[in-house]
Amino acid sequence: MCGVSIESNLANMCAPCLSTEVDITDGISKECSLVQCNGCLRFQRSTGAKGTSGIYAECPLESLDLMALCLKKIHGLNKDVKLIDASFIWTEPHSKRIKLKLTIRKEAMRNAILQKSFIVTFIVENLKCTDCSKQYNNSTWKAVVQIRQKVHHKRTFFHLEQIILKHGAHTRAIGMTAEKDGMDFFFNEKNSAERFAQFLSQHVPTRSKSARKLISSDNHNNTANVKLTVHVELAPICKDDLVIVDKRLAQLCGSNLVLVTRVTTQVHILDPLTGRRAEIPSDRYWKTPFEALDSASSMVDYVVLNVELVDEPRRHRPSTASDVALVGPDDVMAVVEVARVSDLGVNDMTFSVMTHLGRFLSAGDFVKGYDLGRCNFGSQQLYHLQADLPD
């Protein structure tokens with residue numbers, strides 16, 4: 001055709017001319033379909049049995065996993081065709097199109113090997129996977145964990161949310177709903193719900209109770225469909241809360257009225273008048289639970305007028321290893337003279353208080369504290385106190 005001298009072949013044509021007459025891509029699909037879940041954005045690797053959506057896998061865009069999945073979907077790439085190169089062509093993410101540029105090599109006839117590049121377009125179709133479908137069908141979950149904390153401010157609950165996200169403890173949940181005093185986590189397996197409830201107890205003081213509800217049963221096969229409900233109650237105590245403890249802890253710390261410094265698997269408390277600290281284990285707390293008299297939102301702004309350090313109290317070691325009442329390493333007792341910020345320029349009222357923050361305070365600093373003289377708690381716990389509240 002072109003008049004170029006070539007080796008003799010059956011077609012008596014050179015490779016460029018032969019490529020115009022013979023299409024080696026004939027029989028190879030130029031347009032295929034990919035199934036993607038629009039909930040979790042995973043792609044379907046294989047179709048399932050009748051009534052199921054198949055197996056889905058995570059394949060990020062333009063990844064090797066997605067390329068391998070696309071190549072498997074192309075019909076006609078058999079052993080007679082040699083794949084030389086494959087690469088993605090950029091498309092708009094919302095176009096529902098994935099384009100793959102392929103370069104193949106094939107023997108058109110004896111002593112005539114041709115190479116050609118072409119584009120295969122994949123149309124993305126949406127089909128929810130089994131896991132995402134269960135989120136929209138309330139009858140499919142088998143276990144639910146109900147987390148509740150009955151307080152006005154949920155500082156401990158918000159801290160627990162960050163722990164759940166950090167450790168990925170919610171990954172096996174098929175659904176989550178926000179409730180008035182907490183959240184509900186739905187699971188497809190009872191073991192996953194029990195492990196999740198155990199995870200919560202390893203980070204905050206909790207007590208839980210479970211209930212089972214029979215949905216259906218098959219007497220012939222001796223099987224039953226049972227739903228599990230695990231109710232997890234968080235201790236209604238948050239950091240910086242003002243609480244009243246029982247007599248035993250009061251003897252350990254030195255006072256009934258203490259501050260909550262931390263809430264982990266134990267409740268960490270501090271007596272600001274002596275600087276002694278103690279830890280209340282979760283099981284011990286739930287035997288004699290107590291609620292907060294006041295929270296950090298009720299604190300008043302004060303200005304420090306004078307700081308006078310006092311001798312650090314002698315460290316007291318209890319007889320049992322479970323009870324810890326030690327003065328913290330950063331706690332230095334001091335007598336501090338303060339005044340309300342709201343009283344500046346109005347009156348000359350000042351207060352002399354004992355505090356454990358002597359190491360950090362100096363004249364002119366602004367601090368927050370509870371104004372017990374103006375508080376009206378109205379709690380029954382106050383009637384058990386034999387001593388008057390400090391100023």
# chains A, B, ... in the order shown; residues from 1 in each chain; ligands from 1

$ select_by_dssp --residues "region 112-229 of chain A" --states "alpha helix (DSSP H)" --output "PyMOL selection string"
chain A and resi 130-135+155-167+190-201

$ closest_atom_pairs --of "region 104-208 of chain A" --to "region 254-278 of chain A" --cutoff "12 Å" --atoms "only C-alpha atoms" --output "Markdown table"
| residue | atom | partner | partner_atom | distance |
| --- | --- | --- | --- | --- |
| A:Arg155 | CA | A:Val263 | CA | 9.9 |
| A:Thr156 | CA | A:Val263 | CA | 7.2 |
| A:Phe157 | CA | A:Val263 | CA | 10.5 |
| A:His159 | CA | A:Val263 | CA | 9.6 |
| A:Leu160 | CA | A:Thr264 | CA | 9.6 |
| A:Ile163 | CA | A:Thr264 | CA | 11.1 |
| A:Gln198 | CA | A:Thr265 | CA | 11.7 |
| A:Phe199 | CA | A:Thr265 | CA | 10.9 |
| A:Leu200 | CA | A:Thr265 | CA | 9.2 |
| A:Ser201 | CA | A:Thr265 | CA | 7.0 |
| A:Gln202 | CA | A:Thr265 | CA | 6.0 |
| A:His203 | CA | A:Thr265 | CA | 5.0 |
| A:Val204 | CA | A:Thr265 | CA | 4.4 |
| A:Pro205 | CA | A:Thr265 | CA | 5.1 |
| A:Thr206 | CA | A:Thr265 | CA | 8.3 |
| A:Arg207 | CA | A:Thr265 | CA | 11.5 |

$ write_last_selection --atoms "N, CA and C atoms" --output "mmCIF file, in the first residue's frame"
data_model
loop_
_atom_site.group_PDB
_atom_site.id
_atom_site.type_symbol
_atom_site.label_atom_id
_atom_site.label_comp_id
_atom_site.auth_asym_id
_atom_site.auth_seq_id
_atom_site.Cartn_x
_atom_site.Cartn_y
_atom_site.Cartn_z
ATOM 1 N N ARG A 155 -19.206 16.838 80.029
ATOM 2 C CA ARG A 155 -17.772 16.947 79.741
ATOM 3 C C ARG A 155 -17.129 15.562 79.693
ATOM 4 N N THR A 156 -17.531 14.679 80.591
ATOM 5 C CA THR A 156 -16.998 13.315 80.559
ATOM 6 C C THR A 156 -17.465 12.585 79.306
ATOM 7 N N PHE A 157 -18.703 12.824 78.900
ATOM 8 C CA PHE A 157 -19.223 12.160 77.704
ATOM 9 C C PHE A 157 -18.495 12.647 76.452
ATOM 10 N N HIS A 159 -15.464 13.784 76.364
ATOM 11 C CA HIS A 159 -14.120 13.197 76.429
ATOM 12 C C HIS A 159 -14.154 11.740 75.972
ATOM 13 N N LEU A 160 -15.205 11.028 76.334
ATOM 14 C CA LEU A 160 -15.343 9.636 75.913
ATOM 15 C C LEU A 160 -15.524 9.539 74.405
ATOM 16 N N ILE A 163 -12.175 9.571 72.831
ATOM 17 C CA ILE A 163 -11.473 8.298 73.024
ATOM 18 C C ILE A 163 -11.992 7.252 72.039
ATOM 19 N N GLN A 198 -17.419 -3.216 77.027
ATOM 20 C CA GLN A 198 -16.221 -3.451 77.830
ATOM 21 C C GLN A 198 -15.174 -2.371 77.580
ATOM 22 N N PHE A 199 -15.077 -1.902 76.347
ATOM 23 C CA PHE A 199 -14.142 -0.820 76.039
ATOM 24 C C PHE A 199 -14.503 0.442 76.812
ATOM 25 N N LEU A 200 -15.776 0.740 76.925
ATOM 26 C CA LEU A 200 -16.198 1.924 77.668
ATOM 27 C C LEU A 200 -15.816 1.826 79.136
ATOM 28 N N SER A 201 -15.976 0.638 79.717
ATOM 29 C CA SER A 201 -15.652 0.461 81.137
ATOM 30 C C SER A 201 -14.165 0.561 81.408
ATOM 31 N N GLN A 202 -13.334 0.448 80.379
ATOM 32 C CA GLN A 202 -11.889 0.557 80.551
ATOM 33 C C GLN A 202 -11.390 1.992 80.511
ATOM 34 N N HIS A 203 -12.302 2.951 80.307
ATOM 35 C CA HIS A 203 -11.868 4.346 80.208
ATOM 36 C C HIS A 203 -12.626 5.281 81.142
ATOM 37 N N VAL A 204 -13.838 4.953 81.516
ATOM 38 C CA VAL A 204 -14.615 5.797 82.426
ATOM 39 C C VAL A 204 -15.374 4.898 83.392
ATOM 40 N N PRO A 205 -15.749 5.429 84.571
ATOM 41 C CA PRO A 205 -16.557 4.628 85.504
ATOM 42 C C PRO A 205 -17.954 4.389 84.934
ATOM 43 N N THR A 206 -18.294 3.145 84.745
ATOM 44 C CA THR A 206 -19.592 2.798 84.172
ATOM 45 C C THR A 206 -20.214 1.650 84.957
ATOM 46 N N ARG A 207 -21.503 1.539 84.833
ATOM 47 C CA ARG A 207 -22.217 0.338 85.263
ATOM 48 C C ARG A 207 -23.224 0.008 84.170
#

$ residues_around --residues "Ser46 (chain A)" --least-positions-apart "6" --cutoff "8 Å" --atoms "only C-alpha atoms" --output "PyMOL selection string"
chain A and resi 54-56

$ closest_residue --among "A:Gln115, A:Thr130, A:Ser208, A:Ser298" --to "Gln44 (chain A)" --atoms "only C-alpha atoms"
A:Thr130

$ decode --residues "region 243-280 of chain A" --atoms "C-alpha atoms" --output "mmCIF file, in the first residue's frame"
data_model
loop_
_atom_site.group_PDB
_atom_site.id
_atom_site.type_symbol
_atom_site.label_atom_id
_atom_site.label_comp_id
_atom_site.auth_asym_id
_atom_site.auth_seq_id
_atom_site.Cartn_x
_atom_site.Cartn_y
_atom_site.Cartn_z
ATOM 1 C CA VAL A 243 -18.721 16.849 95.388
ATOM 2 C CA ILE A 244 -19.347 15.504 98.884
ATOM 3 C CA VAL A 245 -17.864 12.093 99.706
ATOM 4 C CA ASP A 246 -18.706 9.590 102.423
ATOM 5 C CA LYS A 247 -17.086 9.487 105.868
ATOM 6 C CA ARG A 248 -14.402 6.948 104.982
ATOM 7 C CA LEU A 249 -13.078 8.996 102.100
ATOM 8 C CA ALA A 250 -13.458 12.116 104.202
ATOM 9 C CA GLN A 251 -11.143 10.614 106.835
ATOM 10 C CA LEU A 252 -8.691 9.731 104.095
ATOM 11 C CA CYS A 253 -8.665 13.157 102.452
ATOM 12 C CA GLY A 254 -9.433 15.293 105.461
ATOM 13 C CA SER A 255 -12.762 16.772 104.371
ATOM 14 C CA ASN A 256 -16.147 15.805 102.981
ATOM 15 C CA LEU A 257 -16.088 18.596 100.431
ATOM 16 C CA VAL A 258 -13.617 17.809 97.629
ATOM 17 C CA LEU A 259 -12.895 18.627 93.992
ATOM 18 C CA VAL A 260 -12.843 16.163 91.114
ATOM 19 C CA THR A 261 -9.522 16.541 89.281
ATOM 20 C CA ARG A 262 -9.834 13.733 86.711
ATOM 21 C CA VAL A 263 -12.300 11.084 85.583
ATOM 22 C CA THR A 264 -10.759 7.926 84.129
ATOM 23 C CA THR A 265 -11.494 4.370 85.205
ATOM 24 C CA GLN A 266 -11.311 5.948 88.648
ATOM 25 C CA VAL A 267 -12.604 9.203 90.066
ATOM 26 C CA HIS A 268 -9.654 11.338 91.179
ATOM 27 C CA ILE A 269 -10.519 13.736 93.995
ATOM 28 C CA LEU A 270 -8.607 16.447 95.850
ATOM 29 C CA ASP A 271 -9.135 18.208 99.161
ATOM 30 C CA PRO A 272 -8.111 21.818 98.431
ATOM 31 C CA LEU A 273 -7.744 22.583 102.154
ATOM 32 C CA THR A 274 -5.117 19.885 102.803
ATOM 33 C CA GLY A 275 -3.818 19.097 99.320
ATOM 34 C CA ARG A 276 -4.453 15.393 99.777
ATOM 35 C CA ARG A 277 -5.556 13.353 96.798
ATOM 36 C CA ALA A 278 -7.462 10.087 96.550
ATOM 37 C CA GLU A 279 -8.704 7.742 93.856
ATOM 38 C CA ILE A 280 -12.114 6.097 93.946
#
